[in-house]
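Chemist: Before I ask anything, let me first share the structure, which is written out below as structure tokens.
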Amino acid sequence: MSKTLVIVESPAKAKTIEKYLGKGYAVESSIGHIRDLPRSAADIPEKYKGKAWARLGLDIEDGFKPLYVVSPEKRQHVARLKKLAADADEIILATDDDREGESIAWHLYQELKPKVPVKRMVFHEITKDAIQQAITHPREIDTNLVEAQEARRALDRLYGYEVSPVLWKKVAPKLSAGRVQSVATRMLVERERERMRFVSATWWDLLATAQTAGQVTFPARLTDVAGQRLATGKDFDPLTGKIKGGTEVRLLTEAEARSLAEGLTGEPLTVTSAEEKPFTQRPYAPFITSTLQQEGSRKLGFAATRTMRAAQRLYEQGYITYMRTDSTNLSQEAINAARTQVKAMYGGDYLSPQPRVYAKKAKNAQEAHEAIRPAGSSFRTPDSLRGELSGDEWRLYDLIWKRTVACQMADARGRSLRVRLAGQAKTGGTVGLSASGRTIDFPGFLRAYVEGSDDPAAALEDRETPLPPLKEGERVTAEAVKPEGHETQPPARYTEASLVQALEGAGIGRPSTYASILGTIQDRGYAIKKGQALVPTWTAFATSALLEHHFGRLVDYDFTARMEEDLDDIAGGRAQRVPYLRRFYLGEDGEGMALRPLIDSKMGEIDARGIATIYVPKLDGTGIEVRVGRYGPYMQRGEDKANLPEDLVPDELTSEKANEIMSRPTGDRVIGVDESTGHPVVARAGRYGPYVTLGDGNPPIRSASLFPGDELNTLTLERAMRLLSLPRLVGVSEGEEVWAQNGKFGPYLKRGNDSRSLSTHEQLFTVTLPEAEALFMQPRFRAKGAAAPPLKSFEYEGRAPIVLKSGRFGPYLTDGERNATLRKGEEEGNLSAERALEILEERGKVPQKKPGQKSGRKAAAGTAKAGSKAPTKKAAGRTTTGTATKKAAPSKKVPVKKAVGQAPAVAKTALTWADLKPHLGVLSDQERALVTATRDQGRKVEDVAPGLGLDVKKAKGMALQANKKLNQAARGG
DNA sequence: CAGTGAGCGAGCTTCCGCTTGACTT
């Protein structure tokens with residue numbers, strides 16, 4: 001009997017379809033994409049390891065040809081599919097009918113290399129009819145659509161993997177940029193900037209309780225005084241807190257409001273107009289991923305991931321249709337099921353006369369699936385599932401069921417009423433008030449579903465604000481009148497749900513990625529959650545400013561929308577992938593994004609310090625600047641610095657707050673008092689890290705660094721005293737005292753002029769004299785070749801042995817020639833001789849001796865830190881061939897060229913002032929002034945310091961540091 | 001610039017979109 005292999009994307013879908021297809025068909029799933037560009041060096045196959053473009057996974061010079069690899073976790077599954085494919089007589093690729101789905105089908109075809117006929121089939125709903133229809137109408141793989149997907153993939157890779165390193169250099173390591181996340185971050189930042197600029201304003205009005213002759217009361221609000229309209233929130237300019245120019249409104253002070261309230265109490269009011277208007281309201285469209293996440297958040301308080309997790313389980317168990325969709329479309333089966341249920345549960349009156357069809361709503365929707373709805377041709381009611389589903393799942397199902405059923409229900413009908421009243425205060429002056437009400441005559445779909453509310457019945461009542469029947473000319477009494485003060489509010493921060501909504505509105509991101517976008521921007525430290533609100537961090541401000549100023553077009557809100565248009569052209573055969581990517585990445589005749597040349601020019605141009613400085617409007621005139629530094633955000637005024645508290649969100653940083661933080665004693669915390677001396681013990685954060693001092697003076701009586709496990713905030717007095725007890729006299733050996741002390745390289749023992757490192761800090765307290773003496777017996781540091789005992793040794797025939805050693809960066813292999821660090825997962829314990837050889841052959845590197853000695857990438861990277869011009873040249877070289885880069889780069893760089901030309905020995909000797917001088921740029925203004933005065937003019941630090949406003953001791957320290965920096969820069973480090 | 005004794009194999013970080021387990025808590 002012949003066997004057809006059908007491959008879909010999801011296992012749950014495979015199971016369902018298999019039922020509909022019956023004998024002769026085996027249905028399997030790809031479980032999403034099966035191949036992708038290599039993520040990192042570990043994913044790059046041996047063959048391509050050395051290629052300059054391997055890091056990107058795109059061979060730019062060969063038409064941006066992608067390098068696809070089956071990821072390790074998919075290998076087993078793909079092997080299984082291959083085997084099944086080999087046994088089948090025919091293969092049908094039945095992945096989603098959209099860009100990504102087409103691509104998955106193509107990748108399956110490429111990877112499985114079937115020798116039997118292959119067909120492509122698509123369907124938009126999983127019903128027996130639809131599937132059987134689809135299987136009799138197969139088509140070919142649409143290569144244009146596949147090209148469009150490859151263009152999308154390449155663009156995202158180029159954007160992400162080329163722009164992120166700019167951030168590593170200019171802001172902080174491990175940051176990331178991307179088409180989606182960078183725009184999402186920008187949205188948060190721009191909203192926060194609005195909040196930071198916002199100036200609030202106060203306005204007053206009156207709330208009267210009016211009473212009719214029949215003793216019915218209703219609320220009415222003051223709208224005008226003496227014929228002039230009263231100011232409300234929207235009349236104020238959010239930037240100044242003042243009434244917008246050209247607006248003729250009356251602004252009441254609190255005193256005026258109080259006096260007016262008093263004057264109006266008990267006075268008669270006349271109804272000047274009473275308008276009644278009928279209204280109807282249509283039900284909402286059925287759920288798509290974004291609206292499900294929004295309502296999950298609003299009604300159930302679920303984060304996006306929680307909603308999706310529950311939806312996934314409902315889908316897998318066959319309770320709902322697919323949960324990652326951007327289509328509001330319902331199948332005929334679903335419409336029938338919903339209508340049947342409406343009729344049965346609410347009666348025919350509640351049924352929409354015609355079946356409702358919802359049009360495409362989302363920008364760039366791909367519409368491969370149905371809307372999210374209860375599965376099947378007759379919906380299970382939530383009540384019938386009570387025992388069957390767990391908490392989250394049941395509540396989400398209930399929501400989906402209600403929304404689906406409601407969408408086939410009748411419109412809600414009602415009347416809105418608006419009443420205007422006039423009166424006169426005792427104190428004189430006419431006033432106008434207004435009251436509005438809403439009455440629902442027929443709730444229609446509201447019986448089942450009210451957006452944003454968990455309980456339709458209660459929400460229905462809220463939606464009604466009835467007014468008594470009032471006629472023009474009728475008189476009522478202002479029973480009680482209350483003055484009310486209002487404050488204008490800054491625009492609200494985004495929540496997870498509203499950010500997803502905003503992204504979707506701009507066509508950015510896809511249903512399958514909404515939840516993970518939120519994860520990414522939080523993982524990278526661009527946003528934190530404060531309650532429901534997403535608050536951008538200072539790092540987000542710095543990153544966003546860099547991208548906006550230097551890569552503005554990449555973070556345009558319509559960048560994705562334009563990309564989608566171009567991809568549609570490629571999919572439609574009107575444009576080609578390669579020219580499109582060329583324009584984006586390389587630029588052509590001055591046209592296109594030209595990302596690579598742009599980055600090359602920007603690497604040198606972007607001022608990291610400037611980018612790290614964040615503009616805070618409320619600090620104008622205070623002289624205080626906010627910066628993002630290596631150790632987090634801080635404020636600076638002149639030489640004074642203060643860390644920004646972690647819990648301080650950007651819009652709460654006012655000038656008062658900033659001044660208060662700046663004037664705080666630099667984070668010092670008095671832990672207690674030393675009983676024996678009576679001196680205070682203080683915990684401090686210094687430039688070498690956290691430390692404690694005995695005495696609060698400057699200089700302190702004694703100081704000691706905290707150990708790695710210690711926390712500044714939780715350090716006890718007892719622990720502090722123990723730390724301060726160092727250095728410890730261990731004993732006397734060979735006529736010299738042996739001291740255990742903590743130093744800049746960690747804990748060590750000192751005996752005369754000799755020293756030995758200790759392996760743990762705690763040993764400072766525990767090491768005994770015999771142990772110390774044993775340590776001093778060993779050589780101080782190893783001569784080259786006479787290495788530490790290897791952890792393991794592998795022997796080979798016809799080649800030098802390979803040994804496993806433990807080094808600074810963890811375990812590594814070496815054969816004396818080349819070295820290779822072990823990677824994650826390469827267990828040193830069960831390393832075989834074969835594997836060791838493989839690793840060394842694969843990526844063994846000749847150790848780098850001196851800066852500049854190795855050519856190409858390494859040397860260029862070394863100088864990138866020293867000078868601002870070098871990176872530009874390095875980057876420019878990259879667009880040419882790999883070999884050209886290697887030859888060209890070092891010869892172009894002045895400082896390194898020198899290091900190369902001179903022998904290694906020279907690099908060790910002291911550099912002359914002439915060598916150092918070109919690197920003055922790495923110093924601060926003050927350091928530079930100090931160094932030039934001493935070196936160029938031969939003046940003494942003691943004489944120069946007062947002119948620079950420094951005390952002599954500080955200046956000497958600074959001069960030392962400055963010389964260190966200069967030497968480092970001159971040596972290309 | 002709180003004070004502190006050398007010197008030593010680097011290599012990796014990152015994108016978006018399609019999907020589920022296999023892990024642990």
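Note on naming: chains are A, B, ... as they come in the structure tokens, residues start from 1 per chain, ligands start from 1 in the order shown.
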Set the distance at 9 Å and use only C-alpha atoms (C1' of nucleotides): which residues neighbour region 770-781 of chain A once local chain neighbours fewer than 3 positions away are removed? I'd like the list as a PyMOL selection string.
Modeler: (chain A and resi 730+733+738+749+751+754-758+767) or (chain B and resi 6-7)
Chemist: Should the cut-off be 6 Å, what would the residue list for chain B against chain A look like, counting only C-alpha atoms (C1' of nucleotides), as a PyMOL selection string?
Modeler: chain B and resi 1+4-5+9+13-15+18-19
Chemist: Would you list, as a PDB file with all heavy atoms, in the first residue's frame, the residues of region 504-605 of chain A that end up in strand (DSSP E) under DSSP run on this structure's backbone?
Modeler:
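File result-v2.pdb, as written:
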ATOM      1  N   ALA A 527      14.328  47.709  30.024  1.00  0.00           N
ATOM      2  CA  ALA A 527      13.082  48.059  30.711  1.00  0.00           C
ATOM      3  C   ALA A 527      12.918  47.197  31.950  1.00  0.00           C
ATOM      4  O   ALA A 527      13.414  46.070  31.995  1.00  0.00           O
ATOM      5  CB  ALA A 527      11.889  47.855  29.769  1.00  0.00           C
ATOM      6  N   ILE A 528      12.272  47.764  32.940  1.00  0.00           N
ATOM      7  CA  ILE A 528      11.906  46.967  34.100  1.00  0.00           C
ATOM      8  C   ILE A 528      10.397  47.113  34.296  1.00  0.00           C
ATOM      9  O   ILE A 528       9.801  48.080  33.833  1.00  0.00           O
ATOM     10  CB  ILE A 528      12.628  47.428  35.388  1.00  0.00           C
ATOM     11  CG1 ILE A 528      12.392  48.917  35.613  1.00  0.00           C
ATOM     12  CG2 ILE A 528      14.115  47.143  35.305  1.00  0.00           C
ATOM     13  CD1 ILE A 528      12.634  49.341  37.032  1.00  0.00           C
ATOM     14  N   LYS A 529       9.824  46.126  34.948  1.00  0.00           N
ATOM     15  CA  LYS A 529       8.394  46.216  35.218  1.00  0.00           C
ATOM     16  C   LYS A 529       8.176  46.801  36.597  1.00  0.00           C
ATOM     17  O   LYS A 529       8.809  46.385  37.566  1.00  0.00           O
ATOM     18  CB  LYS A 529       7.761  44.821  35.140  1.00  0.00           C
ATOM     19  CG  LYS A 529       7.077  44.571  33.820  1.00  0.00           C
ATOM     20  CD  LYS A 529       6.578  43.163  33.744  1.00  0.00           C
ATOM     21  CE  LYS A 529       5.068  43.125  33.944  1.00  0.00           C
ATOM     22  NZ  LYS A 529       4.533  41.790  33.602  1.00  0.00           N
ATOM     23  N   LYS A 530       7.300  47.790  36.621  1.00  0.00           N
ATOM     24  CA  LYS A 530       6.963  48.375  37.913  1.00  0.00           C
ATOM     25  C   LYS A 530       5.453  48.253  38.002  1.00  0.00           C
ATOM     26  O   LYS A 530       4.738  49.048  37.410  1.00  0.00           O
ATOM     27  CB  LYS A 530       7.413  49.840  37.911  1.00  0.00           C
ATOM     28  CG  LYS A 530       7.553  50.427  39.294  1.00  0.00           C
ATOM     29  CD  LYS A 530       7.973  51.865  39.207  1.00  0.00           C
ATOM     30  CE  LYS A 530       7.791  52.537  40.553  1.00  0.00           C
ATOM     31  NZ  LYS A 530       7.827  53.991  40.447  1.00  0.00           N
ATOM     32  N   ALA A 533       3.381  48.591  34.708  1.00  0.00           N
ATOM     33  CA  ALA A 533       4.042  49.519  33.783  1.00  0.00           C
ATOM     34  C   ALA A 533       5.433  49.041  33.380  1.00  0.00           C
ATOM     35  O   ALA A 533       6.163  48.456  34.171  1.00  0.00           O
ATOM     36  CB  ALA A 533       4.136  50.889  34.428  1.00  0.00           C
ATOM     37  N   LEU A 534       5.779  49.304  32.121  1.00  0.00           N
ATOM     38  CA  LEU A 534       7.137  49.057  31.643  1.00  0.00           C
ATOM     39  C   LEU A 534       7.901  50.379  31.707  1.00  0.00           C
ATOM     40  O   LEU A 534       7.523  51.342  31.055  1.00  0.00           O
ATOM     41  CB  LEU A 534       7.106  48.558  30.203  1.00  0.00           C
ATOM     42  CG  LEU A 534       6.650  47.119  29.995  1.00  0.00           C
ATOM     43  CD1 LEU A 534       6.387  46.849  28.523  1.00  0.00           C
ATOM     44  CD2 LEU A 534       7.698  46.159  30.526  1.00  0.00           C
ATOM     45  N   VAL A 535       8.957  50.390  32.498  1.00  0.00           N
ATOM     46  CA  VAL A 535       9.725  51.621  32.668  1.00  0.00           C
ATOM     47  C   VAL A 535      11.077  51.464  31.981  1.00  0.00           C
ATOM     48  O   VAL A 535      11.823  50.528  32.283  1.00  0.00           O
ATOM     49  CB  VAL A 535       9.969  51.912  34.164  1.00  0.00           C
ATOM     50  CG1 VAL A 535      10.574  53.289  34.339  1.00  0.00           C
ATOM     51  CG2 VAL A 535       8.678  51.783  34.945  1.00  0.00           C
ATOM     52  N   PRO A 536      11.415  52.368  31.057  1.00  0.00           N
ATOM     53  CA  PRO A 536      12.718  52.257  30.404  1.00  0.00           C
ATOM     54  C   PRO A 536      13.832  52.621  31.379  1.00  0.00           C
ATOM     55  O   PRO A 536      13.658  53.484  32.239  1.00  0.00           O
ATOM     56  CB  PRO A 536      12.635  53.278  29.267  1.00  0.00           C
ATOM     57  CG  PRO A 536      11.626  54.282  29.723  1.00  0.00           C
ATOM     58  CD  PRO A 536      10.629  53.525  30.572  1.00  0.00           C
TER      59      PRO A 536
END
Chemist: One number please: CA of Arg438 (chain A) to CA of Ala210 (chain A), in Å, one decimal.
Modeler: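 Value for the CA of Arg438 (chain A)-CA of Ala210 (chain A) distance: 17.2 Å.
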Chemist: Would you pick out the contacts of Ser2 (chain A) at 12 Å or less, using only C-alpha atoms (C1' of nucleotides), so that residues sharing its chain but fewer than 6 positions from it are not included, and give the list as a VMD selection string?
Modeler: chain A and resid 23 to 26 87 to 91 116
Chemist: What lies within 6 Å of region 344-358 of chain A using only C-alpha atoms (C1' of nucleotides), ignoring chain neighbours under 6 positions off, as a ChimeraX atom specification?
Modeler: /A:328,408-410,444
Chemist: Keeping only N, CA and C atoms, write the selected residues to a file as a PDB file, in the first residue's frame.
Modeler:
ATOM      1  N   THR A 328      -8.723  37.802  11.979  1.00  0.00           N
ATOM      2  CA  THR A 328      -9.977  37.795  12.738  1.00  0.00           C
ATOM      3  C   THR A 328     -11.022  36.921  12.051  1.00  0.00           C
ATOM      4  N   GLN A 408     -21.169  36.961  17.315  1.00  0.00           N
ATOM      5  CA  GLN A 408     -22.304  36.658  16.435  1.00  0.00           C
ATOM      6  C   GLN A 408     -23.620  37.100  17.075  1.00  0.00           C
ATOM      7  N   MET A 409     -23.519  37.977  18.078  1.00  0.00           N
ATOM      8  CA  MET A 409     -24.742  38.438  18.753  1.00  0.00           C
ATOM      9  C   MET A 409     -25.172  39.790  18.208  1.00  0.00           C
ATOM     10  N   ALA A 410     -26.374  40.187  18.615  1.00  0.00           N
ATOM     11  CA  ALA A 410     -26.955  41.434  18.116  1.00  0.00           C
ATOM     12  C   ALA A 410     -26.251  42.637  18.714  1.00  0.00           C
ATOM     13  N   GLY A 444     -27.943  43.195  23.965  1.00  0.00           N
ATOM     14  CA  GLY A 444     -27.340  42.448  22.858  1.00  0.00           C
ATOM     15  C   GLY A 444     -26.111  41.684  23.315  1.00  0.00           C
TER      16      GLY A 444
END
Chemist: Can you list, as a list in words, every protein, DNA or RNA residue that comes within 10 Å of Pro286 (chain A) when you count only C-alpha atoms (C1' of nucleotides), leaving out same-chain residues fewer than 3 positions away?
Modeler: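 Contacts, with the query itself left out: Pro283, Thr291, Leu292, Ser327, Thr328, Asn329, Leu330, Val357, Tyr358, Glu370, Ala371, Ile372, Arg373, Ile400, Trp401, Lys402, Arg403, Thr404, Val405, Ala406, Cys407 and Gln408 of chain A.
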Chemist: Tell me which protein, DNA and RNA residues are within 9 Å of Gly414 (chain A), counting only C-alpha atoms (C1' of nucleotides), leaving out same-chain ones fewer than 4 positions away, and put them as JSON, numbers by chain.
Modeler: {"A": [277, 278, 279, 280, 281, 438, 439, 440, 441, 442, 443]}
Chemist: Please list as a VMD selection string every residue within 10 Å of Lys618 (chain A), counting only C-alpha atoms (C1' of nucleotides) and excluding residues in the same chain fewer than 6 positions away.
Modeler: chain A and resid 196 to 199 651 to 656 658
Chemist: Can you check which residues of region 349-432 of chain A DSSP gives as helix (DSSP H, G or I) on the backbone and send them as a PyMOL selection string?
Modeler: chain A and resi 349-350+382-385+391-406
